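S.K.: Got a file for you: final.cif, mmCIF, C-alpha atoms.
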```
data_target
loop_
_atom_site.label_atom_id
_atom_site.label_comp_id
_atom_site.auth_asym_id
_atom_site.auth_seq_id
_atom_site.Cartn_x
_atom_site.Cartn_y
_atom_site.Cartn_z
CA MET M 145 119.67 -65.20 269.78
CA GLN M 146 120.74 -67.50 266.98
CA GLN M 147 121.48 -64.51 264.75
CA TRP M 148 123.70 -62.98 267.43
CA ILE M 149 125.67 -66.21 267.81
CA THR M 150 126.05 -66.50 264.03
CA GLY M 151 127.18 -62.89 263.80
CA ILE M 152 129.75 -63.34 266.56
CA ILE M 153 131.15 -66.50 264.96
CA LEU M 154 131.40 -64.80 261.53
CA ALA M 155 133.04 -61.73 263.09
CA LEU M 156 135.62 -63.87 264.88
CA GLY M 157 136.29 -65.85 261.72
CA GLY M 158 136.67 -62.65 259.69
CA PHE M 159 139.06 -61.22 262.27
CA LEU M 160 141.21 -64.37 262.29
CA ILE M 161 141.40 -64.37 258.50
CA SER M 162 142.37 -60.67 258.43
CA ILE M 163 145.19 -61.02 261.00
CA PRO M 164 147.88 -61.76 258.34
CA PHE M 165 146.80 -58.70 256.32
CA ILE M 166 146.77 -56.48 259.42
CA TRP M 167 150.21 -57.75 260.45
CA MET M 168 151.51 -57.14 256.91
CA ILE M 169 150.27 -53.54 256.92
CA LEU M 170 151.68 -52.83 260.39
CA SER M 171 155.01 -54.46 259.48
CA ALA M 172 155.33 -52.11 256.51
CA PHE M 173 155.82 -49.28 259.02
CA LYS M 174 158.46 -51.11 261.08
CA PRO M 175 162.25 -50.95 260.71
CA GLU M 176 163.84 -54.10 259.32
CA MET M 177 165.34 -55.06 262.69
CA GLU M 178 161.94 -54.98 264.34
CA VAL M 179 160.37 -57.14 261.63
CA MET M 180 163.08 -59.76 262.20
CA GLN M 181 162.72 -59.56 265.96
CA ILE M 182 161.85 -62.74 267.88
CA PRO M 183 159.30 -62.85 269.41
CA PRO M 184 157.65 -60.68 266.75
CA THR M 185 155.81 -57.50 267.63
CA PHE M 186 152.30 -56.76 266.43
CA LEU M 187 152.23 -52.95 266.72
CA PRO M 188 155.29 -50.99 265.54
CA LYS M 189 157.51 -49.85 268.39
CA GLU M 190 159.20 -47.38 266.05
CA PHE M 191 156.90 -46.02 263.34
CA THR M 192 158.75 -45.30 260.07
CA LEU M 193 157.99 -44.53 256.43
CA GLU M 194 161.48 -45.49 255.30
CA ASN M 195 160.30 -48.67 253.60
CA PHE M 196 157.87 -46.78 251.34
CA VAL M 197 160.51 -44.15 250.58
CA ASN M 198 162.92 -46.93 249.51
CA LEU M 199 160.27 -48.39 247.21
CA PHE M 200 160.03 -45.20 245.18
CA GLU M 201 163.67 -44.12 245.40
CA ASN M 202 165.49 -47.42 244.91
CA MET M 203 162.98 -49.79 243.32
CA ASN M 204 161.42 -47.66 240.53
CA PHE M 205 157.94 -48.07 241.97
CA THR M 206 157.05 -44.68 240.49
CA ILE M 207 157.49 -46.16 237.00
CA TYR M 208 155.58 -49.32 237.95
CA LEU M 209 152.74 -47.22 239.35
CA ARG M 210 152.60 -45.10 236.19
CA ASN M 211 152.43 -48.20 233.97
CA THR M 212 149.73 -49.77 236.14
CA ILE M 213 147.63 -46.61 235.95
CA ILE M 214 148.00 -46.62 232.15
CA VAL M 215 146.86 -50.25 232.01
CA VAL M 216 143.85 -49.46 234.22
CA LEU M 217 142.84 -46.42 232.15
CA CYS M 218 143.13 -48.37 228.89
CA SER M 219 141.05 -51.13 230.47
CA PHE M 220 138.28 -48.58 231.01
CA VAL M 221 138.41 -47.83 227.27
CA GLY M 222 137.92 -51.55 226.75
CA LEU M 223 134.98 -51.39 229.16
CA PHE M 224 133.28 -48.96 226.77
CA LEU M 225 133.92 -51.34 223.85
CA ASN M 226 132.48 -54.25 225.83
CA ALA M 227 129.37 -52.19 226.56
CA MET M 228 128.93 -51.45 222.86
CA ALA M 229 129.29 -55.13 221.96
CA GLY M 230 126.84 -56.16 224.68
CA TYR M 231 124.33 -53.58 223.43
CA ALA M 232 124.66 -54.84 219.86
CA PHE M 233 124.01 -58.44 220.92
CA ALA M 234 121.08 -57.37 223.10
CA LYS M 235 119.19 -54.95 220.84
CA TYR M 236 120.28 -55.36 217.23
CA LYS M 237 118.92 -58.16 215.06
CA PHE M 238 121.38 -59.31 212.43
CA LYS M 239 122.14 -62.58 210.67
CA GLY M 240 124.13 -64.98 212.81
CA ARG M 241 123.70 -62.95 215.99
CA GLU M 242 122.99 -65.92 218.26
CA LYS M 243 125.71 -68.08 216.75
CA LEU M 244 128.24 -65.26 217.08
CA PHE M 245 127.21 -64.68 220.68
CA TYR M 246 127.62 -68.38 221.48
CA LEU M 247 131.05 -68.24 219.86
CA VAL M 248 131.97 -65.35 222.15
CA LEU M 249 130.73 -67.34 225.14
CA ALA M 250 132.73 -70.37 223.99
CA THR M 251 135.95 -68.38 224.33
CA MET M 252 135.29 -68.23 228.08
CA MET M 253 135.98 -71.98 228.24
CA ILE M 254 139.49 -71.55 226.81
CA PRO M 255 142.14 -70.91 229.50
CA GLY M 256 144.03 -67.69 228.99
CA GLN M 257 147.34 -69.56 229.10
CA VAL M 258 146.37 -71.43 225.93
CA THR M 259 146.01 -68.25 223.86
CA MET M 260 149.12 -66.50 225.18
CA ILE M 261 151.51 -68.00 222.63
CA PRO M 262 149.33 -67.24 219.55
CA VAL M 263 148.65 -63.71 220.83
CA TYR M 264 152.35 -63.19 221.47
CA LEU M 265 153.25 -64.36 217.95
CA ILE M 266 150.63 -62.04 216.42
CA LEU M 267 151.91 -59.05 218.40
CA ASN M 268 155.47 -59.95 217.49
CA GLN M 269 154.54 -59.86 213.79
CA LEU M 270 152.99 -56.44 214.39
CA HIS M 271 156.17 -55.29 216.19
CA LEU M 272 154.20 -54.58 219.35
CA THR M 273 156.19 -56.73 221.76
CA ASN M 274 157.95 -54.78 224.49
CA THR M 275 155.53 -51.88 224.06
CA MET M 276 152.72 -50.52 226.20
CA ALA M 277 150.29 -51.12 223.31
CA GLY M 278 151.22 -54.80 223.34
CA ILE M 279 150.45 -54.95 227.05
CA VAL M 280 147.01 -53.34 226.93
CA LEU M 281 145.56 -54.46 223.57
CA PRO M 282 144.86 -58.16 224.35
CA GLY M 283 142.88 -57.23 227.44
CA LEU M 284 140.65 -54.54 225.96
CA VAL M 285 137.72 -56.84 225.19
CA GLY M 286 136.51 -59.81 227.23
CA ALA M 287 133.74 -62.34 226.66
CA PHE M 288 132.59 -62.30 230.29
CA SER M 289 132.15 -58.53 230.27
CA ILE M 290 130.23 -58.66 226.97
CA PHE M 291 127.99 -61.37 228.44
CA LEU M 292 127.14 -59.29 231.53
CA PHE M 293 126.37 -56.19 229.46
CA ARG M 294 124.24 -58.19 227.06
CA GLN M 295 122.24 -59.76 229.87
CA PHE M 296 121.56 -56.42 231.52
CA MET M 297 120.77 -54.49 228.34
CA SER M 298 118.32 -57.16 227.23
CA THR M 299 116.04 -55.95 230.05
CA ILE M 300 115.82 -52.39 228.61
CA PRO M 301 112.42 -51.89 226.88
CA ASP M 302 112.59 -51.69 223.09
CA GLU M 303 109.80 -49.08 223.18
CA LEU M 304 112.15 -46.64 224.89
CA LEU M 305 114.71 -46.98 222.11
CA GLU M 306 112.08 -46.66 219.39
CA ALA M 307 110.78 -43.46 220.98
CA ALA M 308 114.28 -42.00 220.94
CA ARG M 309 114.74 -42.94 217.29
CA LEU M 310 111.44 -41.27 216.39
CA ASP M 311 112.71 -38.10 218.08
CA GLY M 312 115.65 -38.13 215.70
CA ALA M 313 118.37 -39.53 217.96
CA SER M 314 121.25 -41.23 216.15
CA GLU M 315 122.29 -44.72 217.17
CA PHE M 316 125.48 -43.51 218.86
CA ARG M 317 123.66 -40.72 220.70
CA LEU M 318 121.01 -43.23 221.78
CA PHE M 319 123.75 -45.45 223.19
CA LEU M 320 125.52 -42.60 225.02
CA GLN M 321 122.53 -40.72 226.41
CA ILE M 322 120.01 -43.48 227.06
CA ILE M 323 121.65 -46.90 227.26
CA LEU M 324 124.70 -45.98 229.34
CA PRO M 325 122.79 -43.96 231.99
CA ILE M 326 120.32 -46.82 232.40
CA SER M 327 123.21 -49.28 232.65
CA LYS M 328 124.88 -47.56 235.62
CA PRO M 329 124.54 -50.63 237.92
CA ILE M 330 126.34 -53.00 235.57
CA LEU M 331 128.81 -50.27 234.60
CA ALA M 332 129.68 -49.87 238.29
CA VAL M 333 130.27 -53.60 238.66
CA GLN M 334 132.35 -53.89 235.52
CA GLY M 335 134.28 -50.74 236.42
CA ILE M 336 135.27 -52.24 239.77
CA LEU M 337 136.25 -55.59 238.26
CA THR M 338 138.15 -53.83 235.48
CA PHE M 339 140.10 -51.77 238.01
CA ILE M 340 140.98 -54.85 240.04
CA ALA M 341 142.10 -56.81 236.97
CA GLY M 342 144.19 -53.91 235.64
CA TRP M 343 145.77 -53.19 239.03
CA ASN M 344 146.71 -56.87 239.49
CA SER M 345 147.99 -57.43 235.93
CA PHE M 346 151.10 -59.59 236.21
CA LEU M 347 151.59 -62.52 233.85
CA TRP M 348 151.00 -60.83 230.49
CA PRO M 349 153.17 -57.72 231.18
CA LEU M 350 155.91 -60.09 232.37
CA ILE M 351 155.71 -62.11 229.13
CA ILE M 352 155.30 -59.36 226.55
CA ALA M 353 157.81 -56.84 228.00
CA ASN M 354 161.50 -57.28 228.75
CA ASP M 355 162.08 -53.61 229.55
CA GLU M 356 161.79 -52.77 233.25
CA ASN M 357 160.31 -49.39 232.32
CA LEU M 358 157.18 -51.23 231.11
CA TYR M 359 156.63 -53.40 234.18
CA THR M 360 153.52 -53.06 236.34
CA LEU M 361 153.28 -53.03 240.13
CA SER M 362 152.71 -56.79 240.32
CA VAL M 363 155.84 -57.48 238.28
CA GLY M 364 157.75 -54.93 240.35
CA LEU M 365 156.65 -56.69 243.52
CA SER M 366 157.97 -59.97 242.10
CA LEU M 367 161.31 -58.29 241.33
CA LEU M 368 161.33 -56.91 244.86
CA LYS M 369 161.06 -60.40 246.27
CA GLY M 370 163.94 -61.58 244.10
CA GLN M 371 166.32 -58.67 244.66
CA TYR M 372 165.52 -57.97 248.30
CA GLY M 373 164.49 -61.43 249.48
CA GLY M 374 166.04 -60.84 252.92
CA ASN M 375 164.48 -57.43 253.49
CA PHE M 376 161.08 -58.44 254.81
CA ALA M 377 160.08 -54.92 255.87
CA LEU M 378 160.54 -53.69 252.29
CA GLN M 379 158.53 -56.63 250.96
CA MET M 380 155.74 -55.88 253.43
CA ALA M 381 155.68 -52.26 252.25
CA GLY M 382 155.46 -53.35 248.61
CA SER M 383 152.70 -55.85 249.36
CA THR M 384 150.77 -53.26 251.37
CA PHE M 385 151.02 -50.71 248.58
CA MET M 386 149.72 -53.35 246.18
CA VAL M 387 146.91 -54.83 248.26
CA VAL M 388 145.39 -51.93 250.24
CA PRO M 389 143.81 -50.09 247.24
CA ILE M 390 142.12 -53.32 246.12
CA VAL M 391 140.79 -53.99 249.62
CA ILE M 392 139.45 -50.44 249.92
CA ILE M 393 137.76 -50.58 246.50
CA PHE M 394 136.16 -53.93 247.29
CA MET M 395 134.95 -52.86 250.74
CA LEU M 396 133.38 -49.69 249.33
CA PHE M 397 131.69 -51.29 246.35
CA GLN M 398 131.06 -54.93 247.28
CA LYS M 399 127.31 -54.18 247.46
CA HIS M 400 127.35 -53.02 243.84
CA ILE M 401 129.22 -56.16 242.77
CA ILE M 402 126.62 -58.47 244.31
CA GLU M 403 123.68 -56.42 243.00
CA GLY M 404 125.19 -56.21 239.54
CA TYR M 405 125.58 -59.96 239.24
CA THR M 406 122.02 -60.43 240.46
CA ILE M 407 120.56 -57.92 238.00
CA SER M 408 122.61 -59.18 235.03
CA GLY M 409 121.26 -62.67 235.60
CA MET M 410 117.64 -61.52 235.38
CA LYS M 411 115.71 -61.20 232.15
#
```
Please re-express this file's structure in structure tokens.

M.R.:
Amino acid sequence: MQQWITGIILALGGFLISIPFIWMILSAFKPEMEVMQIPPTFLPKEFTLENFVNLFENMNFTIYLRNTIIVVLCSFVGLFLNAMAGYAFAKYKFKGREKLFYLVLATMMIPGQVTMIPVYLILNQLHLTNTMAGIVLPGLVGAFSIFLFRQFMSTIPDELLEAARLDGASEFRLFLQIILPISKPILAVQGILTFIAGWNSFLWPLIIANDENLYTLSVGLSLLKGQYGGNFALQMAGSTFMVVPIVIIFMLFQKHIIEGYTISGMK
């Protein structure tokens, strides 16, 4: 009985919290006059896709979507690099390994805002400001991702790797054909988190790029609020287009996220 009561309370709480998101999504399919109507309507009286059409025809959301997809795909390349670094810290013994790993962990204590100016100055010297390379390069490798990979890969038996080496497998082949397949749980978690971070990228693209053709969806949504501050239906459509993919990804893979954190913390 107690479980039923707890479940009902949690369901009601979840529904109340989700009401603003549901109203936002429904308002994206309303005409502007209906969104401004008082008292407001919950379900659209007149269903329309005009707001989404305006996003792509008048607000360059096609370009923003393309740039965001590029950032996400490059982030997955960085995911592969993080996996390689985590594997090296977990399975290779070299001088200064522990000290270097602690140094990597120490960078997690430094707020990202602190390093933005030095990174910007470095990229400016390399003539990479206002370029897609300048947007994606600083985010390719992350200490937190390396830490999770290292923790997970430390649980892989050394005997398995030695057997592969005795069979003549090269180190790179060993990593591709043995380590990565075994690491599917943590790869799934990191893949989800990488997608979410890339899809939501806002501050760094806004700083490093001054060309609108390099802006991401988050920056485009900010421009939408500034240029069309009175058009709430258009803003709801932009917010819906930005939020719904993240919500779907999280709902589908939240189990993997929780399991991945649990496994990566075990040794």

S.K.: Would you be able to write out as a PyMOL selection string which residues have an atom within 9 Å of (156.7, -52.3, 258.8) in the file's coordinates, counting only C-alpha atoms?

M.R.: chain M and resi 167-176+178-179+188+191-193+195+376-378+380-381

S.K.: List the residues matched by the PyMOL selection byres ((chain M and resi 294) around 10) in the displayed structure as a ChimeraX atom specification, ordered by chain and then by residue number.

M.R.: /M:226-235,245,288-293,295-299,408

S.K.: Go ahead and write the selection's residues with C-alpha atoms as a PDB file, in the coordinates of the input.

M.R.:
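The result, stored in result-v3.pdb:
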```
ATOM      1  CA  ASN M 226     132.480 -54.250 225.830  1.00  0.00           C
ATOM      2  CA  ALA M 227     129.370 -52.190 226.560  1.00  0.00           C
ATOM      3  CA  MET M 228     128.930 -51.450 222.860  1.00  0.00           C
ATOM      4  CA  ALA M 229     129.290 -55.130 221.960  1.00  0.00           C
ATOM      5  CA  GLY M 230     126.840 -56.160 224.680  1.00  0.00           C
ATOM      6  CA  TYR M 231     124.330 -53.580 223.430  1.00  0.00           C
ATOM      7  CA  ALA M 232     124.660 -54.840 219.860  1.00  0.00           C
ATOM      8  CA  PHE M 233     124.010 -58.440 220.920  1.00  0.00           C
ATOM      9  CA  ALA M 234     121.080 -57.370 223.100  1.00  0.00           C
ATOM     10  CA  LYS M 235     119.190 -54.950 220.840  1.00  0.00           C
ATOM     11  CA  PHE M 245     127.210 -64.680 220.680  1.00  0.00           C
ATOM     12  CA  PHE M 288     132.590 -62.300 230.290  1.00  0.00           C
ATOM     13  CA  SER M 289     132.150 -58.530 230.270  1.00  0.00           C
ATOM     14  CA  ILE M 290     130.230 -58.660 226.970  1.00  0.00           C
ATOM     15  CA  PHE M 291     127.990 -61.370 228.440  1.00  0.00           C
ATOM     16  CA  LEU M 292     127.140 -59.290 231.530  1.00  0.00           C
ATOM     17  CA  PHE M 293     126.370 -56.190 229.460  1.00  0.00           C
ATOM     18  CA  GLN M 295     122.240 -59.760 229.870  1.00  0.00           C
ATOM     19  CA  PHE M 296     121.560 -56.420 231.520  1.00  0.00           C
ATOM     20  CA  MET M 297     120.770 -54.490 228.340  1.00  0.00           C
ATOM     21  CA  SER M 298     118.320 -57.160 227.230  1.00  0.00           C
ATOM     22  CA  THR M 299     116.040 -55.950 230.050  1.00  0.00           C
ATOM     23  CA  SER M 408     122.610 -59.180 235.030  1.00  0.00           C
TER      24      SER M 408
END
```

S.K.: Can you work out the spacing between atom CA of Arg309 of chain M and atom CA of Gly286 of chain M in Å, to one decimal?

M.R.: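 Here the two named atoms are 29.3 Å from each other.
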
S.K.: How would you write, as a list in words, the residues chosen by the PyMOL selection byres ((chain M and resi 263) around 12) on this structure?

M.R.: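 The output of the PyMOL selection byres ((chain M and resi 263) around 12) on this file is Gly256, Gln257, Val258, Thr259, Met260, Ile261, Pro262, Tyr264, Leu265, Ile266, Leu267, Asn268, Gln269, Leu270, Leu272, Thr273, Gly278, Ile279, Leu281, Pro282, Gly283, Trp348, Ile351 and Ile352 of chain M.
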
S.K.: Quick one: which residues end up in the PyMOL selection byres ((chain M and resi 331-342) around 8) for this structure, as a list in words?

M.R.: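 When the PyMOL selection byres ((chain M and resi 331-342) around 8) is applied, the selected residues are Thr212, Val215, Val216, Ser219, Phe220, Leu223, Ser289, Leu324, Ser327, Lys328, Pro329, Ile330, Trp343, Asn344, Ser345, Ile390, Ile393, Phe394, Phe397, His400, Ile401, Gly404 and Tyr405 of chain M.
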
S.K.: Complete the atoms of segment 280-291 of chain M to all heavy atoms and put them out as a compact mmCIF listing (two decimals), keeping the file's coordinate frame.

M.R.:
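Written out: selection-v5.txt:
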```txt
# COMPACT_ATOMS: atom_id res chain seq x y z
N VAL M 280 148.41 -53.67 226.67
CA VAL M 280 147.01 -53.34 226.93
C VAL M 280 146.05 -53.89 225.88
O VAL M 280 144.87 -54.17 226.18
CB VAL M 280 146.82 -51.81 227.04
CG1 VAL M 280 147.69 -51.25 228.15
CG2 VAL M 280 147.14 -51.11 225.72
N LEU M 281 146.48 -54.07 224.63
CA LEU M 281 145.56 -54.46 223.57
C LEU M 281 144.86 -55.80 223.80
O LEU M 281 143.64 -55.90 223.61
CB LEU M 281 146.28 -54.48 222.22
CG LEU M 281 146.50 -53.11 221.55
CD1 LEU M 281 147.29 -53.28 220.26
CD2 LEU M 281 145.16 -52.43 221.28
N PRO M 282 145.56 -56.88 224.20
CA PRO M 282 144.86 -58.16 224.35
C PRO M 282 143.79 -58.17 225.43
O PRO M 282 142.88 -59.01 225.39
CB PRO M 282 146.01 -59.13 224.73
CG PRO M 282 147.24 -58.49 224.20
CD PRO M 282 147.02 -57.02 224.37
N GLY M 283 143.85 -57.24 226.37
CA GLY M 283 142.88 -57.23 227.44
C GLY M 283 141.76 -56.22 227.29
O GLY M 283 140.96 -56.04 228.22
N LEU M 284 141.67 -55.58 226.14
CA LEU M 284 140.65 -54.54 225.96
C LEU M 284 139.24 -55.11 225.95
O LEU M 284 138.32 -54.50 226.49
CB LEU M 284 140.91 -53.77 224.66
CG LEU M 284 142.02 -52.72 224.68
CD1 LEU M 284 142.11 -52.02 223.33
CD2 LEU M 284 141.82 -51.71 225.80
N VAL M 285 139.06 -56.26 225.34
CA VAL M 285 137.72 -56.84 225.19
C VAL M 285 137.71 -58.22 225.83
O VAL M 285 138.65 -59.00 225.65
CB VAL M 285 137.33 -56.94 223.70
CG1 VAL M 285 135.95 -57.57 223.55
CG2 VAL M 285 137.35 -55.56 223.06
N GLY M 286 136.63 -58.51 226.57
CA GLY M 286 136.51 -59.81 227.23
C GLY M 286 135.11 -60.38 227.08
O GLY M 286 134.12 -59.65 227.14
N ALA M 287 135.03 -61.68 226.88
CA ALA M 287 133.74 -62.34 226.66
C ALA M 287 132.84 -62.23 227.89
O ALA M 287 131.63 -62.03 227.76
CB ALA M 287 133.97 -63.81 226.30
N PHE M 288 133.41 -62.35 229.07
CA PHE M 288 132.59 -62.30 230.29
C PHE M 288 131.94 -60.93 230.44
O PHE M 288 130.77 -60.82 230.81
CB PHE M 288 133.46 -62.61 231.50
CG PHE M 288 132.70 -62.64 232.79
CD1 PHE M 288 131.71 -63.58 233.02
CD2 PHE M 288 132.97 -61.71 233.79
CE1 PHE M 288 131.00 -63.61 234.21
CE2 PHE M 288 132.26 -61.73 234.98
CZ PHE M 288 131.29 -62.68 235.20
N SER M 289 132.70 -59.88 230.17
CA SER M 289 132.15 -58.53 230.27
C SER M 289 131.05 -58.31 229.24
O SER M 289 129.99 -57.73 229.55
CB SER M 289 133.26 -57.51 230.08
OG SER M 289 132.78 -56.19 230.20
N ILE M 290 131.26 -58.77 228.01
CA ILE M 290 130.23 -58.66 226.97
C ILE M 290 128.97 -59.40 227.40
O ILE M 290 127.84 -58.91 227.21
CB ILE M 290 130.76 -59.22 225.63
CG1 ILE M 290 131.89 -58.32 225.11
CG2 ILE M 290 129.64 -59.31 224.61
CD1 ILE M 290 132.56 -58.87 223.86
N PHE M 291 129.14 -60.58 227.98
CA PHE M 291 127.99 -61.37 228.44
C PHE M 291 127.18 -60.62 229.49
O PHE M 291 125.94 -60.56 229.42
CB PHE M 291 128.49 -62.70 229.00
CG PHE M 291 127.44 -63.47 229.74
CD1 PHE M 291 126.41 -64.11 229.06
CD2 PHE M 291 127.46 -63.55 231.12
CE1 PHE M 291 125.45 -64.83 229.74
CE2 PHE M 291 126.50 -64.26 231.81
CZ PHE M 291 125.48 -64.90 231.12
```
